[in-house]
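J.: Have a look at the structure that comes next, please.
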Amino acid sequence: MWWGGRGQSFNIAPQKEEPEMGLSGPKSVQGTGMPEPRSRQLGSCLASGGLPGEQILAWAPGVRKGLEPEMPGTLICSNLRVTFQPHGWQRSQVTMAIVQARAQNSPAQQYAGITLSQAGQSSDSRKPPIPLLETIEDWETERKKQAARGWRVSTVNERFDVATSLPRYFWVPNRTLDSEVRRAFGHFHQGRGPRLSWHHPGGSDLLRCGGFYTASDPNKEDIRAVESMLQAGHSDVVLVDTMDELPSLADVQLAHLRLRALCLPDSSVAEDKWFSALEGTRWLDYTRSCLRKASDISVLVTSRVRSVVLQERGDRDFNGLLSSLVQLLSAPEARTLLGFQSLVQREWVAAGHPFLTRLGGSGASEEAPVFLLFLDCVWQLLQQFPAEFEFSEFFLLALHDSVRVPDTLTFLRDTPWERGKQSGQFNNYTQVYTPGFPGAGNSINPQLSVWDWNLRYSNKQILQFRNPGYDPEHCPDSWLPRQQPSFMVPGPPSSVWLFSRGSLTPLNQLCPWRDSPSLLAVSSRWLPRPAISSESLADQEWGLPSHWGACPLPPGLLLPGCLGPQIRLWRRCYLRGRPEVQMGLSAPTISGLQEELSHLQELLRKWTPRISPEDHSKRRNPNTILSQSR
């Protein structure tokens with residue numbers, strides 16, 4: 001049969017030898033998890049690089065297609081992974097995904113893939129590589145790091161009796177009591193009330209929340225607490241209709257399926273129609289829409305001292321995407337390697353993004369790779385601002401591939417409650433909320449997180465996670481004074497706005513559901529909106545104190561280009577089976593070499609302005625820049 005994935009195909013011959021199967025899986029040699037002697041030779045190939053508890057379920061000899069000469073080997077499916085074992089490899093080499101087999105075979109390949117190493121025995125006192133935000137101390141440390149003095153860590157959800165999709169701890173205004181938080185959150189979809197995502201050093205606050213229940217009594221005392229939490233101590237408040245102009249979950253899923261089908265080597269699309277077919281997938285359009293909206297929200301947060309509230313009915317998909325992009329555009333510390341990992345842990349993992357459902361691991365019909373769309377947006381920013389990010393494209397590829405790593409809980413659960421329940425985190429007390437919990441295989445190590453890169457990558461590969469063009473002189477702690485900067489001004493007194501379709505619409509009061517159905521619950525297409533402005537938000541008079549076209553941007557703020565050619569296909573991710581795409585400088589054709597040369601020249605133009613004036617002599621020598629990037 002034929003099997004293909006991520007740009008490669010394998011011609012698999014009929015299985016000639018199988019391990020003996022029982023009701024509990026294949027029989028294995030005691031203590032090794034390997035099959036019985038009939039597959040002893042195959043088992044020995046994986047024994048030294050296998051994971052604890054790994055068992056081979058099926059295997060078949062075959063030939064890997066895609067490069068010349070073709071590579072014979074064995075396709076192996078275990079209870080933890082699918083691997084392709086080329087003939088003649090050393091016993092210590094085992095790759096985590098089939099696509100990495102070609103990478104190891106090609107010395108010119110820059111992306112060597114995921115190499116498994118033996119995981120050491122972890123103890124309860126083991127410190128994770130980044131804060132996992134599972135303790136109140138982690139949240140308090142992060143709050144102090146953001147200098148969010150007007151906020152505190154709430155413990156109201158410590159037993160997950162307010163919302164199982166929320167973390168045990170989150171930030172609420174100082175003056176709001178936990179009893180008020182509990183009542184106010186009851187008015188929002190799935191109990192996901194307004195809470196702080198990020199505090200801007202200039203004074204603005206970025207919040208996120210779910211949809212408001214229209215059946216709530218607007219005269220209740222609870223509504224005053226809702227208004228206070230949305231206002232967050234600011235007189236200027238902007239309610240952002242998150243889903244306006246963004247694709248639905250079904251749109252994202254369909255676009256991703258079309259993109260994957262188009263990028264397969266056996267795609268039936270003619271070469272001269274390939275780019276039009278790419279546009280037809282709408283994936284690049286959706287990436288463009290997300291970046292454009294995130295840029296507008298960044299202007300809202302940066303231009304005035306105000307409260308900006310992201311509202312999405314479920315508050316678990318595009319709220320996280322936009323909040324993460326806004327922080328990447330506005331905060332240089334989020335563009336560091338540690339800062340980005342912490343951002344993903346806070347805005348996606350701890351915030352309850354349903355990874356298992358969205359990536360098709362739960363069998364539900366609500367699949368949509370929103371997180372992969374976010375990573376594509378980050379890659380677009382990395383291409384446009386290569387000197388502003390400490391991490392490289394290879395790090396994004398590793399994170400992209402890690403969403404399906406089966407040995408950690410990071411991306412394999414839908415809620416923090418499920419993740420904590422599986423890890424035994426809540427065994428020291430009786431929970432109030434105890435619904436049925438989906439069972440998990442014994443292959444997951446609850447003590448490990450996806451951020452334990454050294455368990456799946458070699459030191460050499462981890463070094464490739466760092467961007468050689470990053471300017472380390474951009475100290476995250478000094479990029480903006482903690483006091484209100486001169487370019488930020490207070491908002492108008494008692495002003496309330498609704499941001500939708502690129503424009504601000506004034507509202508009479510903060511909670512419009514008092515007089516009409518909730519603007520936070522009704523789809524934007526049913527609401528009257530002004531015409532979409534041809535100007536970007538950064539060019540409108542109400543945005544910044546002056547037009548940014550004539551003045552430099554505030555320190556630390558990035559505004560990406562979103563025009564057609566500025567949004568590109570992430571070729572190294574989606575076209576992995578094509579050697580001319582993956583080998584970088586080894587393009588085999590004249591047109592390929594010209595494209596590579598243009599790409600290098602563009603990188604030089606973007607990196608050169610980052611060099612200090614005293615290094616002017618080095619600035620004239622491109623070889624110096626290239627040598628520093630190696």
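Ligands are numbered from 1 in the order shown, residues from 1 within each chain, and chains are lettered A, B, ... in the order they appear in the structure tokens.
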I need the alpha helix (DSSP H) residues of region 367-433 of chain A per DSSP on the backbone, written as a VMD selection string.

T.: chain A and resid 370 to 384 393 to 401 416 to 422

J.: Counting only C-alpha atoms, figure out which residue out of A:Phe389, A:Trp151, A:Trp497, A:Trp417 gets nearest to Asn467 (chain A).

T.: A:Phe389

J.: Please list as a VMD selection string every residue within 10 Å of region 154-164 of chain A, counting only C-alpha atoms and excluding residues in the same chain fewer than 6 positions away.

T.: chain A and resid 135 to 136 139 to 140 170 to 174 176 to 183 185 to 186 189 to 193 195 352 414 to 418 426 429 to 434

J.: Which residue gives the smallest distance to Gly420 (chain A) among A:Thr357, A:Asn319, A:Ser165, A:Ser248, with only C-alpha atoms counted?

T.: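 Nearest candidate to Gly420 (chain A) out of A:Thr357, A:Asn319, A:Ser165, A:Ser248: A:Ser165.
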
J.: List the spatial neighbours of region 330-334 of chain A as a list in words - criterion: any atom at most 7 Å away, only C-alpha atoms, same-chain residues fewer than 4 positions off excluded.

T.: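 Non-adjacent residues within range: Ser298, Val326, Gly339, Phe340, Leu343, Pro476, Gly556, Leu557 and Leu558 of chain A.
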
J.: Taking into account only C-alpha atoms, which residue in the set A:Arg316, A:His353, A:Arg568, A:Lys127 is nearest to Leu448 (chain A)?

T.: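 Among A:Arg316, A:His353, A:Arg568, A:Lys127, it is A:Lys127 that comes nearest to Leu448 (chain A).
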
J.: Within 10 Å of Leu373 (chain A), counting only C-alpha atoms, which residues show up once you throw out same-chain ones fewer than 2 positions away? Write them as a PyMOL selection string, please.

T.: chain A and resi 252+256+283-284+286-287+290+321+368-371+375-379+400

J.: Using only C-alpha atoms, which of the listed residues (A:Leu166, A:Ile56, A:Ala294, A:Met71) sits closest to Leu246 (chain A)?

T.: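 Among A:Leu166, A:Ile56, A:Ala294, A:Met71, it is A:Ala294 that comes nearest to Leu246 (chain A).
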
J.: Find the distance between CA of Val309 (chain A) and CA of Lys220 (chain A) and write it in Å to one decimal.

T.: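 Going from CA of Val309 (chain A) over to CA of Lys220 (chain A) covers 21.9 Å.
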